[in-house]
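*Asks:* See upload.cif below, with mmCIF, C-alpha atoms.
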```cif
data_entry
#
loop_
_atom_site.label_atom_id
_atom_site.label_comp_id
_atom_site.auth_asym_id
_atom_site.auth_seq_id
_atom_site.Cartn_x
_atom_site.Cartn_y
_atom_site.Cartn_z
CA MET A 113 -21.18 -7.33 -5.70
CA SER A 114 -21.41 -10.87 -7.10
CA THR A 115 -20.19 -9.62 -10.50
CA ARG A 116 -17.20 -7.97 -8.84
CA ARG A 117 -16.36 -11.15 -6.94
CA SER A 118 -16.64 -13.18 -10.12
CA SER A 119 -14.30 -10.79 -11.95
CA THR A 120 -11.80 -11.00 -9.10
CA LYS A 121 -11.90 -14.79 -9.12
CA ASN A 122 -11.39 -14.86 -12.89
CA TRP A 123 -8.41 -12.51 -12.59
CA LEU A 124 -6.84 -14.61 -9.83
CA ARG A 125 -7.35 -17.78 -11.86
CA GLN A 126 -5.80 -16.10 -14.89
CA GLN A 127 -2.80 -14.98 -12.84
CA ALA A 128 -2.28 -18.44 -11.40
CA THR A 129 -2.16 -20.09 -14.85
CA ASP A 130 -0.31 -17.33 -16.73
CA PRO A 131 3.18 -18.55 -17.75
CA TYR A 132 4.45 -14.97 -17.99
CA VAL A 133 3.51 -14.33 -14.37
CA LYS A 134 5.69 -17.29 -13.40
CA GLN A 135 8.52 -16.09 -15.65
CA ARG A 136 8.18 -12.62 -14.18
CA ASP A 137 8.75 -13.99 -10.71
CA GLN A 138 11.68 -16.11 -11.84
CA ALA A 139 13.34 -13.22 -13.70
CA GLY A 140 12.71 -10.71 -10.92
CA TYR A 141 10.69 -8.34 -13.09
CA ARG A 142 8.17 -6.08 -11.39
CA SER A 143 5.48 -6.71 -13.99
CA ARG A 144 4.74 -9.22 -16.73
CA ALA A 145 4.64 -6.24 -19.12
CA ALA A 146 8.44 -6.38 -19.07
CA PHE A 147 8.27 -9.27 -21.55
CA LYS A 148 6.32 -7.13 -24.02
CA LEU A 149 9.03 -4.48 -24.18
CA LYS A 150 11.79 -7.10 -24.15
CA GLU A 151 10.29 -8.76 -27.23
CA ILE A 152 9.83 -5.44 -29.03
CA LEU A 153 13.39 -4.27 -28.35
CA ALA A 154 14.81 -7.58 -29.53
CA ARG A 155 12.75 -7.52 -32.72
CA ASP A 156 13.11 -3.87 -33.68
CA ARG A 157 16.60 -3.10 -32.28
CA LEU A 158 15.58 0.32 -31.05
CA ILE A 159 18.37 1.12 -28.61
CA ALA A 160 22.03 0.20 -28.23
CA LYS A 161 24.32 -0.06 -25.26
CA GLY A 162 25.15 3.39 -23.95
CA GLY A 163 21.89 4.86 -25.25
CA ALA A 164 19.35 7.01 -23.40
CA VAL A 165 15.72 6.08 -22.75
CA LEU A 166 12.78 8.04 -21.37
CA ASP A 167 10.16 5.75 -19.78
CA LEU A 168 6.75 7.40 -19.38
CA GLY A 169 4.17 5.77 -17.13
CA ALA A 170 6.92 3.66 -15.62
CA SER A 171 5.47 2.39 -12.31
CA PRO A 172 5.86 -0.32 -11.06
CA GLY A 173 9.04 -0.49 -13.12
CA GLY A 174 8.96 -3.56 -15.37
CA TRP A 175 9.74 -1.58 -18.50
CA THR A 176 12.36 0.44 -16.66
CA GLN A 177 14.17 -2.75 -15.68
CA VAL A 178 14.25 -3.89 -19.31
CA ALA A 179 15.44 -0.46 -20.48
CA VAL A 180 18.27 -0.40 -17.92
CA SER A 181 19.43 -3.82 -19.10
CA ALA A 182 19.22 -2.72 -22.75
CA VAL A 183 21.40 0.39 -22.40
CA GLY A 184 23.88 -1.08 -19.93
CA PRO A 185 25.92 0.72 -17.26
CA LYS A 186 27.05 3.46 -19.64
CA GLY A 187 23.49 4.27 -20.73
CA LYS A 188 20.87 6.45 -19.12
CA VAL A 189 17.26 5.73 -18.20
CA VAL A 190 14.85 8.27 -16.73
CA ALA A 191 11.51 6.88 -15.55
CA VAL A 192 8.44 9.06 -14.95
CA ASP A 193 5.11 8.30 -13.33
CA ILE A 194 2.39 10.07 -11.42
CA LEU A 195 2.53 7.15 -8.99
CA PRO A 196 5.47 6.40 -6.68
CA MET A 197 7.97 3.74 -7.70
CA GLU A 198 10.57 1.85 -5.74
CA PRO A 199 14.12 2.70 -6.87
CA ILE A 200 15.72 0.68 -9.66
CA ALA A 201 19.50 0.53 -9.90
CA GLY A 202 20.68 2.27 -13.05
CA ALA A 203 17.57 4.44 -13.46
CA GLU A 204 16.53 7.87 -12.24
CA PHE A 205 12.90 8.35 -11.23
CA ILE A 206 10.70 11.44 -11.42
CA GLU A 207 7.36 11.31 -9.63
CA GLY A 208 5.10 13.65 -11.53
CA ASP A 209 2.53 14.12 -14.29
CA CYS A 210 4.17 14.17 -17.73
CA ARG A 211 1.45 16.57 -18.89
CA GLU A 212 2.75 19.29 -16.56
CA ALA A 213 5.47 21.77 -17.50
CA GLU A 214 7.25 21.23 -14.18
CA THR A 215 7.66 17.52 -14.88
CA LEU A 216 8.91 18.17 -18.41
CA HIS A 217 11.47 20.59 -16.98
CA LYS A 218 12.65 17.89 -14.54
CA ILE A 219 12.99 15.43 -17.42
CA THR A 220 15.17 17.78 -19.47
CA THR A 221 17.25 18.57 -16.38
CA HIS A 222 17.86 14.88 -15.66
CA PHE A 223 19.04 14.21 -19.19
CA GLY A 224 21.02 17.42 -19.56
CA ALA A 225 23.02 17.23 -22.78
CA VAL A 226 22.50 13.48 -23.17
CA PRO A 227 20.62 12.80 -26.44
CA ILE A 228 17.43 10.78 -26.00
CA GLY A 229 17.24 7.99 -28.55
CA LEU A 230 14.10 6.22 -27.36
CA VAL A 231 10.84 7.15 -25.64
CA ILE A 232 8.75 4.27 -24.28
CA SER A 233 5.22 4.59 -22.93
CA ASP A 234 3.00 1.99 -21.30
CA ILE A 235 0.68 4.71 -19.98
CA ALA A 236 -3.01 3.96 -19.59
CA PRO A 237 -5.62 6.14 -17.85
CA ASN A 238 -8.02 4.83 -15.22
CA ILE A 239 -10.80 2.95 -17.00
CA THR A 240 -14.31 4.29 -16.38
CA GLY A 241 -16.16 1.70 -18.45
CA ILE A 242 -17.70 4.47 -20.54
CA ARG A 243 -16.25 3.90 -24.00
CA ASP A 244 -16.31 7.49 -25.25
CA VAL A 245 -14.71 8.80 -22.05
CA ASP A 246 -12.05 6.08 -22.01
CA GLU A 247 -11.17 6.71 -25.65
CA ALA A 248 -10.87 10.46 -25.12
CA ASN A 249 -8.70 10.03 -22.01
CA PHE A 250 -6.41 7.50 -23.64
CA LEU A 251 -5.91 9.47 -26.84
CA GLU A 252 -5.26 12.62 -24.83
CA LEU A 253 -2.43 10.86 -23.00
CA ALA A 254 -1.12 9.44 -26.28
CA GLU A 255 -1.02 12.95 -27.75
CA PHE A 256 1.06 14.16 -24.80
CA VAL A 257 3.48 11.27 -25.29
CA ARG A 258 3.78 12.18 -28.97
CA ASP A 259 4.37 15.85 -28.16
CA ILE A 260 7.03 15.02 -25.56
CA SER A 261 8.73 12.76 -28.10
CA ILE A 262 8.77 15.57 -30.65
CA GLN A 263 10.36 17.89 -28.12
CA LEU A 264 13.01 15.53 -26.78
CA LEU A 265 13.98 12.85 -29.32
CA VAL A 266 17.12 13.20 -31.40
CA PRO A 267 16.86 12.85 -35.19
CA GLY A 268 16.49 9.16 -36.01
CA GLY A 269 15.12 8.39 -32.54
CA ALA A 270 12.25 6.02 -31.81
CA LEU A 271 9.00 5.77 -29.87
CA VAL A 272 7.24 2.71 -28.45
CA ILE A 273 3.72 3.44 -27.23
CA LYS A 274 0.84 1.29 -26.04
CA LEU A 275 -2.47 2.01 -27.74
CA PHE A 276 -5.93 0.47 -27.69
CA GLN A 277 -8.02 0.01 -30.78
CA PHE A 278 -10.48 2.90 -30.59
CA PRO A 279 -12.13 4.68 -33.53
CA GLY A 280 -9.54 7.48 -33.21
CA THR A 281 -6.50 5.21 -32.98
CA ASP A 282 -5.85 4.92 -36.71
CA GLU A 283 -5.97 8.70 -37.06
CA TYR A 284 -3.44 9.04 -34.24
CA ILE A 285 -1.11 6.53 -35.92
CA GLY A 286 -1.54 8.41 -39.20
CA GLY A 287 -0.21 11.50 -37.43
CA LEU A 288 2.86 9.57 -36.29
CA LYS A 289 3.61 8.67 -39.90
CA LYS A 290 4.20 12.35 -40.59
CA ILE A 291 7.00 12.59 -38.02
CA PHE A 292 8.60 9.12 -38.20
CA THR A 293 9.94 7.31 -41.25
CA SER A 294 8.74 3.86 -40.17
CA ILE A 295 5.62 2.73 -38.27
CA ALA A 296 4.85 -0.84 -37.19
CA ARG A 297 2.16 -2.38 -34.99
CA ARG A 298 3.29 -5.09 -32.61
CA LYS A 299 1.27 -7.60 -30.62
CA PRO A 300 3.78 -9.27 -28.27
CA ALA A 301 3.28 -12.90 -27.38
CA SER A 302 2.82 -11.89 -23.74
CA SER A 303 -0.19 -9.68 -24.52
CA ARG A 304 -3.23 -11.31 -22.98
CA GLN A 305 -5.56 -13.10 -25.35
CA GLY A 306 -8.55 -10.92 -26.10
CA SER A 307 -6.81 -7.69 -25.13
CA ARG A 308 -7.34 -4.78 -27.54
CA GLU A 309 -3.92 -3.37 -26.74
CA VAL A 310 -1.37 -2.90 -29.50
CA TYR A 311 2.12 -1.48 -29.36
CA VAL A 312 3.18 0.96 -32.02
CA VAL A 313 6.86 1.16 -32.88
CA ALA A 314 7.76 4.44 -34.59
CA LYS A 315 11.33 4.69 -35.90
CA GLY A 316 13.35 7.36 -37.67
CA PHE A 317 12.17 10.56 -35.99
CA LYS A 318 12.14 13.47 -38.43
CA ILE A 319 12.60 17.07 -37.28
#
```
Could I get this file's structure written as structure tokens?
*Replies:*
Amino acid sequence: MSTRRSSTKNWLRQQATDPYVKQRDQAGYRSRAAFKLKEILARDRLIAKGGAVLDLGASPGGWTQVAVSAVGPKGKVVAVDILPMEPIAGAEFIEGDCREAETLHKITTHFGAVPIGLVISDIAPNITGIRDVDEANFLELAEFVRDISIQLLVPGGALVIKLFQFPGTDEYIGGLKKIFTSIARRKPASSRQGSREVYVVAKGFKI
């Protein structure tokens, strides 16, 4: 119990001193993770006004907010999560598991004939603390994101996906190199110090 209390206190202290938490509140973003995607989109120029974005693992909606701003009023953003999410103006939300055929059908229905130029994923499974289990769960989700991207992206489209540095991560990225012309690893300034997370930007989808 004392360890749990200590962890909670450390997290609260970290939140209180985190400049991105303060900026999040000032900007009206739902999560500090919004700054990660904002930096990546600015650096890699992945989507233009009027484009279409699929946001997987969207709740609470920080990335969705950034995507809506990036594509503008003539663009389209569809957000998906197994958890509920409060509505965001300019985005459509699907509550469901992206690993299920029913959810994939809903995604394709929402987009209709609109070509999807960018898939973004900040998905992470519940952490068990057992390294082998956590790695397997995370890579399984990453494989689903890759497969959905293959099914839905237009030629030349892009993928942004959060990964953690596990033994199988490099092999997963190697697989992406076979279906995208350009792969880059990004560590946004807003990523917490000591975090093993890395964002992979895959551009130039090849069919």
*Asks:* Would you mind reading off the distance between atom CA of A:Asp156 and atom CA of A:Leu168, one decimal, in Å?
*Replies:* 19.3 Å
*Asks:* Could you tell me how far atom CA of A:Gly316 sits from atom CA of A:Thr215, in Å to one decimal place?
*Replies:*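 Distance between the two atoms: 25.6 Å.
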*Asks:* Padding of 6 Å on every side, edges along x, y and z, all listed atoms of stretch 190-193 of chain A included: what centre and edge lengths in Å, to one decimal, does that box have, as JSON?
*Replies:*
```
{"center_x": 10.0, "center_y": 8.0, "center_z": -15.0, "size_x": 21.7, "size_y": 14.2, "size_z": 15.4}
```
*Asks:* Just give me the gap between atom CA of A:Gln277 and atom CA of A:Arg308 in Å, one decimal is fine.
*Replies:*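 Those two atoms sit 5.8 Å apart.
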*Asks:* Excluding stretch 282-290 of chain A and residues on its chain fewer than 5 positions from it, collect all residues at most 9 Å away from it, counting only C-alpha atoms, and give them as a list in words.
*Replies:*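 What passes the distance filter is Leu251, Ala254, Glu255, Arg258, Gln277, Ile295, Val312, Ala314 and Lys318 of chain A.
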